[in-house]
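Colleague: Dropping the structure in here first, questions after.
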Amino acid sequence: MLSNRVGTLLLTALAPAVWGTTYLVTTELLPPGRPLLAAVVRALPAGLALIAVTRRLPQGVWWWRALVLGALNIGAFFALLFVAAYRLPGGVAATVGAIQPLLVALLASGLLGERLKPRTLIAAVAGVAGVSLLVLRAGARLDGLGVAAAAGGAVVMATGVVLSKRWASPAPLLATTGWQLVAGGLLLLPVAFFVEGTPPVPTGTNLAGYAYLAVIGSALAYALWFRGIRLLSPTDVTFLGLLSPLVATVLGWLALGQELTVAQGFGAVVVLGSLVAAQAGRGRGPRGTHTLPSTARPVAAASTSTQHRS
C-alpha cells in the first residue's frame, strides 16, 4: 500500500539524515586527522555487536557475498571517501558523490531489469545541480586523484546498493547488516594503521563521538538503509542519500554559525524537488517496480519485525 511505502521511505530517510550529522560529530568530538580510525570504530564494533545479538553467521555463499557487500558498502567506500576528503574541498567531493542516484538507476536497469524513466534521469541530474549549489564554493580547486576517488566511491556504493537488492539475504536484517559492517571494518583496519599509525588515547569526548557513530551512525542507520533496500527499489533509496549534504549544511548553519546563502537555499529546494520527482508515480500499479515479489515478502516481514537504519 502507498501508506506503507511512504512510511518505509521516511524510515529509510533517517539513515542519510543521520549520516549528515557525521561532519559535525567528527569535527567537534573526534581527534583531528583520524578519519580512517573513525571509519573502523563506527563499523567494526557495531557489526560485532549486531552479530552477537542475532547469533547468526553467514552460511554457504553468504560468506563471500557478505565480504563483497561489506567491501563495497563500507570498506572501499570509506577508504575512497577518505582520499577524496583529503584531496578535495568538501563541496567538490559531495558534488561528485551526488552522481550516485544516476549510477544506481543505470545499474538497476541492467542488473535488476528496472525501467529507466526519463523523469528519474532528470531528477538525478537536478540532484547533482542542487548539491553543487548547496555545498560547492567559488574557486574550489580540482585534483585528479581526488575526483577519481570521489567518483570511485560513488561507483562502489552504487554497486553495493544494487547488489544488496539482487542478493536477497535469507537471514534477519540485523544479522546481514552486522556481517557487512564487520567485513568492511576488518578491511579498513590494516589500512587505518598503515595510513594513520597507532591511534591516540581517546578522551571522554572522543569516546562519546565514537559511541554515537557506532550505535546511531552505523548499527541503527545501516540497518534502516538495508531495510529500505529490501523493501523498495534501490533507485528510490539512493535518492534519499541526497539528504546527507542537506542535513550537514543545515547543522553547520544552526550549530556552527556557518553562513547560509541564497544560492544554498535554492540548492536545498532543488535537492528536495529532485527527491519528490524521483518518487512520484512509484508503486501505484502493476507496472511499479517496488512491489515485493511473493517469495520476498516473508523475508521482508521477518526483517521488519527485527528492525527498530545507517
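Chain labels A, B, ... are given in the sequence in which chains occur in the C-alpha cells; within each chain residues are numbered consecutively from 1, and ligands are likewise numbered from 1 in the order shown.
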Which parts of region 73-280 of chain A does DSSP call helix (DSSP H, G or I) when run on the backbone here, written out as a PyMOL selection string?
Modeller: chain A and resi 73-87+90-97+100-111+118-135+144-166+173-196+204-231+234-240+243-255+262-279
Colleague: Got a sec: who's within 12 Å of Thr177 (chain A), counting only C-alpha atoms, leaving out chain neighbours fewer than 4 positions off, as JSON, numbers by chain?
Modeller: {"A": [43, 44, 46, 47, 48, 49, 50, 51, 53, 54, 56, 57, 58, 66, 67, 69, 70, 73, 74, 164, 169, 171, 172, 173, 181, 182, 183, 184, 218, 219, 220, 221, 222, 223, 224, 225, 226, 227, 229, 230, 303, 306, 307, 309, 310]}
Colleague: Check which residues of region 8-110 of chain A sit at most 10 Å from region 127-146 of chain A using only C-alpha atoms, and return one row each with the closest pair of atoms and their distance in Å to one decimal, ordered by chain and rising number, as CSV.
Modeller:
```
residue,atom,partner,partner_atom,distance
A:Leu80,CA,A:Gly146,CA,8.7
A:Leu81,CA,A:Gly146,CA,9.1
A:Phe82,CA,A:Gly146,CA,9.4
A:Val83,CA,A:Gly146,CA,6.3
A:Ala84,CA,A:Gly146,CA,4.5
A:Ala85,CA,A:Gly146,CA,7.6
A:Tyr86,CA,A:Gly146,CA,7.7
A:Arg87,CA,A:Gly146,CA,5.0
A:Leu88,CA,A:Gly146,CA,5.7
A:Pro89,CA,A:Ala140,CA,6.5
A:Gly90,CA,A:Val135,CA,7.5
A:Gly91,CA,A:Leu136,CA,4.2
A:Val92,CA,A:Leu136,CA,6.0
A:Ala93,CA,A:Gly146,CA,7.8
A:Ala94,CA,A:Val131,CA,7.2
A:Thr95,CA,A:Ser132,CA,5.2
A:Val96,CA,A:Val128,CA,7.8
A:Gly97,CA,A:Val128,CA,8.5
A:Ala98,CA,A:Val128,CA,5.2
A:Ile99,CA,A:Val128,CA,6.2
A:Gln100,CA,A:Val128,CA,9.1
A:Pro101,CA,A:Gly127,CA,8.4
A:Leu102,CA,A:Val128,CA,9.3
```
Colleague: Excluding region 249-257 of chain A and any residue of its chain fewer than 5 positions from it, enumerate the residues within 9 Å of it, using only C-alpha atoms, and give them as a list of chain:residue names.
Modeller: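 Close residues of region 249-257 of chain A: A:Gly20, A:Thr21, A:Tyr23, A:Leu24, A:Leu134, A:Val135, A:Ser244, A:Gln264.
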Colleague: Just give me the gap between CA of Val40 (chain A) and CA of Gly185 (chain A) in Å, one decimal is fine.
Modeller: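 We find that CA of Val40 (chain A) and CA of Gly185 (chain A) lie 5.1 Å from each other.
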Colleague: List as a tab-separated table (two decimals) with C-alpha atoms, in the first residue's frame the protein and nucleic acid residues near Leu213 (chain A), meaning an atom at most 8 Å away when only C-alpha atoms are counted, but skip any in the same chain fewer than 6 places from it.
Modeller:
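result_5.tsv written:
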```tsv
chain	number	residue	atom	x	y	z
A	22	THR	CA	28.82	12.85	10.82
A	41	VAL	CA	35.36	2.36	15.04
A	42	ARG	CA	31.95	3.14	13.57
```
